[in-house]
Every structure is written in structure tokens, then in C-alpha cells.
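A short write-up of the structure that comes next.
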Amino acid sequence: MPAGKAYDKLSSVILELAQQYNTPVFEPHVTLIGEIEGEREIIISKTEKLLKKTSAMKIELIDINYTEDYFRTLFFKVRKTSNLLLLHKKVSKLFIIRKIKKFNPHLSLMYGYIQKKDKIKIANVLAKFLPMEFDVKRIKLYSIEGNVKDWYTVKSFKLH
């Protein structure tokens with residue numbers, strides 16, 4: 001999760017786009033891993049243990065892109081730093097994951113199905129924010145059952 005002014009700016013962009021294009025609103029985030037299987041308390045405990053040894057890190061948004069994928073309609077690409085890749089690797093080994101996908105760190109700006117011409121127009125406007133760097137001081141464990149509006153924070157972990 002971005003911290004401070006970056007969180008505010010990115011939240012504002014996501015909200016504005018959601019209102020303009022009737023898409024879901026969500027917190028700005030870089031997904032470390034998705035769809036973990038297991039009992040909630042065990043997942044929380046394992047995450048807590050791992051993150052006690054994890055330092056805050058910087059994330060750099062380096063480019064903007066779009067796809068036809070609902071959850072990657074429009075997004076900022078994230079630089080693959082050694083810290084980020086190492087944390088992803090540790091988390092991947094710790095949990096049972098429903099769908100294993102190649103790790104392409106990104107920060108989504110919109111979810112939905114939007115016309116390509118609109119995505120290009122938005123991308124051209126938002127490219128002015130790049131590059132953007134922010135501190136990550138928290139990692140949130142989310143329940144992503146149901147629709148995006150039904151998602152909620154299970155637990156928030158502070159990084160050291």
C-alpha cells in the first residue's frame with residue numbers, strides 16, 4: 001500500500017476514473033500475491049511472522065499500460081526491485097495459491113472493460129505522473145471474495 005501523499009493522489013485518480021467510467025472504486029495497491037488458500041488465522045499468523053522481518057521499501061511506478069483483462073484495464077507498471085522480488089518469492093513459498101501467475105507488479109488504476117480509445121486517452125493524461133516513487137510502510141491482507149465493493153481488509157501489517 002502506498003503511504004502519504006502518493007496514497008492520496010492515487011486514491012483520487014482511481015475515484016475520479018471510477019466516477020467518470022462507472023468502474024469499481026478500490027484502494028491503490030500493488031498486489032504481492034493473489035488468491036491464497038487456507039484458514040484465515042493460519043494465513044494471518046504466517047503473514048505476521050514473515051513481515052516482522054521485513055523492512056519498509058520503496059516502490060517506483062515506471063510506465064503506464066492497459067490490457068483487456070478486467071483487473072488490469074489500466075495500470076502503472078512497477079519496477080522489479082530485488083527487495084520486491086525477494087518478498088514476492090518468500091510469500092509465494094509460504095502459501096497455497098489458487099492460480100499461480102507470473103509476477104508482474106503493477107498498480108491498477110481501473111477495473112472493468114473500457115474501450116481501447118478511452119484507455120489510450122487516459123494513459124496519455126496520467127503518464128505525466130511518471131516516474132513516481134512512494135514508500136511502502138504497510139502490507140494489507142485482503143478478502144477478495146465477491147464483487148470488488150465487497151472486498152475488505154482482514155489485517156494490516158506495519159513494516160519496520
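Within each chain, counting starts at residue 1; across the C-alpha cells, chains are named A, B, ... in the order shown, with ligands numbered 1 upward in that order.
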Next item on the list: Can you list, as an NGL selection string, all residues belonging to chain A that DSSP tags as strand (DSSP E)?
Entry: :A and (36-37 or 57-66 or 74-78 or 96-97 or 106-110 or 132-136 or 138-143 or 152-158)
Go ahead and save the picked residues with N, CA and C atoms, as a short mmCIF file (atom, residue, chain, number, x, y, z; two decimals), in the first residue's frame.
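Result file is selection.cif:
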data_model
loop_
_atom_site.label_atom_id
_atom_site.label_comp_id
_atom_site.auth_asym_id
_atom_site.auth_seq_id
_atom_site.Cartn_x
_atom_site.Cartn_y
_atom_site.Cartn_z
N ILE A 36 -4.91 -16.62 -2.00
CA ILE A 36 -4.28 -17.58 -1.09
C ILE A 36 -5.36 -18.52 -0.54
N GLU A 37 -5.02 -19.79 -0.44
CA GLU A 37 -5.95 -20.75 0.15
C GLU A 37 -5.50 -21.10 1.57
N MET A 57 9.87 -0.46 2.24
CA MET A 57 10.60 -0.39 0.96
C MET A 57 10.02 0.70 0.09
N LYS A 58 10.72 1.00 -0.95
CA LYS A 58 10.25 1.97 -1.94
C LYS A 58 9.71 1.21 -3.15
N ILE A 59 8.67 1.77 -3.73
CA ILE A 59 8.10 1.26 -4.97
C ILE A 59 8.20 2.39 -5.98
N GLU A 60 8.60 2.04 -7.20
CA GLU A 60 8.68 3.04 -8.25
C GLU A 60 7.74 2.65 -9.39
N LEU A 61 6.85 3.58 -9.73
CA LEU A 61 5.96 3.40 -10.87
C LEU A 61 6.69 3.95 -12.09
N ILE A 62 6.85 3.12 -13.12
CA ILE A 62 7.76 3.50 -14.21
C ILE A 62 7.10 3.66 -15.58
N ASP A 63 5.89 3.15 -15.74
CA ASP A 63 5.25 3.22 -17.05
C ASP A 63 3.76 3.02 -16.86
N ILE A 64 2.99 3.31 -17.89
CA ILE A 64 1.55 3.08 -17.83
C ILE A 64 1.18 2.15 -18.97
N ASN A 65 0.23 1.25 -18.72
CA ASN A 65 -0.16 0.29 -19.73
C ASN A 65 -1.61 -0.11 -19.53
N TYR A 66 -2.15 -0.86 -20.46
CA TYR A 66 -3.53 -1.34 -20.36
C TYR A 66 -3.63 -2.70 -21.03
N LEU A 74 -6.30 -0.69 -16.80
CA LEU A 74 -5.34 0.42 -16.92
C LEU A 74 -4.50 0.39 -15.65
N PHE A 75 -3.17 0.44 -15.81
CA PHE A 75 -2.31 0.30 -14.62
C PHE A 75 -0.94 0.93 -14.84
N PHE A 76 -0.30 1.25 -13.72
CA PHE A 76 1.09 1.68 -13.73
C PHE A 76 1.95 0.44 -13.53
N LYS A 77 2.99 0.28 -14.34
CA LYS A 77 3.96 -0.79 -14.13
C LYS A 77 4.88 -0.42 -12.98
N VAL A 78 5.31 -1.41 -12.23
CA VAL A 78 6.19 -1.22 -11.08
C VAL A 78 7.57 -1.77 -11.40
N ILE A 96 -0.40 -21.60 -0.09
CA ILE A 96 -1.00 -22.33 -1.20
C ILE A 96 -1.75 -21.28 -2.01
N ILE A 97 -1.44 -21.22 -3.30
CA ILE A 97 -2.03 -20.19 -4.16
C ILE A 97 -2.93 -20.86 -5.18
N HIS A 106 2.30 -4.33 -10.53
CA HIS A 106 1.63 -3.18 -11.13
C HIS A 106 0.68 -2.57 -10.10
N LEU A 107 0.28 -1.35 -10.37
CA LEU A 107 -0.70 -0.67 -9.53
C LEU A 107 -1.87 -0.32 -10.45
N SER A 108 -2.97 -1.04 -10.28
CA SER A 108 -4.15 -0.82 -11.12
C SER A 108 -4.77 0.53 -10.84
N LEU A 109 -5.28 1.13 -11.90
CA LEU A 109 -5.98 2.41 -11.80
C LEU A 109 -7.46 2.25 -12.08
N MET A 110 -7.79 1.20 -12.84
CA MET A 110 -9.19 0.91 -13.18
C MET A 110 -9.37 -0.59 -13.28
N MET A 132 6.98 7.86 -10.58
CA MET A 132 6.52 8.19 -9.24
C MET A 132 7.09 7.16 -8.28
N GLU A 133 7.57 7.61 -7.16
CA GLU A 133 8.12 6.71 -6.15
C GLU A 133 7.37 6.95 -4.84
N PHE A 134 7.14 5.87 -4.11
CA PHE A 134 6.50 6.01 -2.80
C PHE A 134 7.02 4.96 -1.85
N ASP A 135 6.86 5.27 -0.57
CA ASP A 135 7.25 4.33 0.48
C ASP A 135 6.11 3.36 0.75
N VAL A 136 6.48 2.13 1.03
CA VAL A 136 5.52 1.13 1.47
C VAL A 136 5.85 0.84 2.93
N ARG A 138 3.18 -0.39 4.96
CA ARG A 138 2.13 -1.33 5.37
C ARG A 138 1.85 -2.33 4.28
N ILE A 139 1.53 -3.51 4.69
CA ILE A 139 1.02 -4.53 3.78
C ILE A 139 -0.32 -4.97 4.34
N LYS A 140 -1.33 -5.01 3.48
CA LYS A 140 -2.66 -5.41 3.92
C LYS A 140 -3.00 -6.77 3.33
N LEU A 141 -3.62 -7.56 4.17
CA LEU A 141 -4.16 -8.85 3.76
C LEU A 141 -5.65 -8.61 3.50
N TYR A 142 -6.09 -8.90 2.29
CA TYR A 142 -7.46 -8.60 1.87
C TYR A 142 -8.26 -9.86 1.65
N SER A 143 -9.56 -9.77 1.95
CA SER A 143 -10.51 -10.78 1.50
C SER A 143 -11.06 -10.27 0.17
N TYR A 152 -12.55 -6.47 1.60
CA TYR A 152 -12.24 -5.77 2.85
C TYR A 152 -10.89 -6.20 3.40
N THR A 153 -10.34 -5.34 4.24
CA THR A 153 -9.06 -5.61 4.89
C THR A 153 -9.27 -6.63 6.01
N VAL A 154 -8.55 -7.73 5.94
CA VAL A 154 -8.58 -8.73 7.01
C VAL A 154 -7.64 -8.27 8.12
N LYS A 155 -6.44 -7.83 7.73
CA LYS A 155 -5.47 -7.33 8.71
C LYS A 155 -4.44 -6.48 7.97
N SER A 156 -3.99 -5.45 8.67
CA SER A 156 -2.97 -4.56 8.14
C SER A 156 -1.69 -4.76 8.96
N PHE A 157 -0.57 -4.89 8.28
CA PHE A 157 0.71 -5.17 8.95
C PHE A 157 1.67 -4.01 8.70
N LYS A 158 2.28 -3.52 9.76
CA LYS A 158 3.25 -2.44 9.63
C LYS A 158 4.62 -3.02 9.35
#
Next item on the list: Find the spatial neighbours of Thr47 of chain A, counting only C-alpha atoms, within a cut-off of 9 Å - ignore same-chain residues fewer than 4 positions away - and output them as a list in words.
Entry: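 Residues meeting the cut-off are Ile42, Ile43, Leu51, Lys52, Val91, Leu94, Leu141 and Phe157 of chain A.
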Margin query: as JSON, numbers by chain, please: every residue in segment 7-142 of chain A that a backbone DSSP assignment puts in helix (DSSP H, G or I).
Written below: {"A": [7, 8, 9, 10, 11, 12, 13, 14, 15, 16, 17, 18, 19, 20, 21, 40, 41, 42, 43, 44, 45, 46, 47, 48, 49, 50, 51, 52, 70, 71, 72, 82, 83, 84, 85, 86, 87, 88, 89, 90, 91, 92, 93, 94, 116, 117, 118, 119, 120, 121, 122, 123, 124, 125, 126, 127, 128, 129]}
Next item on the list: Select, from A:Lys46, A:Lys90, A:His160, A:Lys149, the residue with the minimum atom-to-atom distance to Phe26 of chain A, counting only C-alpha atoms.
Entry: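 Closest residue, counting only C-alpha atoms: A:Lys149.
Interatomic distance, atom CA of Lys137 of chain A against atom CA of Glu39 of chain A: 25.5 Å.
The shell of residues at most 7 Å from Leu32 of chain A, with only C-alpha atoms counted and near chain neighbours (fewer than 2 positions) removed, consists of A:Val30, A:Gly34, A:His88.
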Residues of the last selection are to be written out with C-alpha atoms, as a PDB file, in the first residue's frame.
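Just written: part_20.pdb:
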ATOM      1  CA  VAL A  30       0.465  -3.358  -5.625  1.00  0.00           C
ATOM      2  CA  GLY A  34      -3.375 -13.245  -5.051  1.00  0.00           C
ATOM      3  CA  HIS A  88       7.180 -11.989  -3.508  1.00  0.00           C
TER       4      HIS A  88
END
Checklist line | Straight-line distance linking atom CA of Ile114 of chain A with atom CA of Lys102 of chain A, stated in Å to one decimal | finding: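 Value for the atom CA of Ile114 of chain A-atom CA of Lys102 of chain A distance: 24.0 Å.
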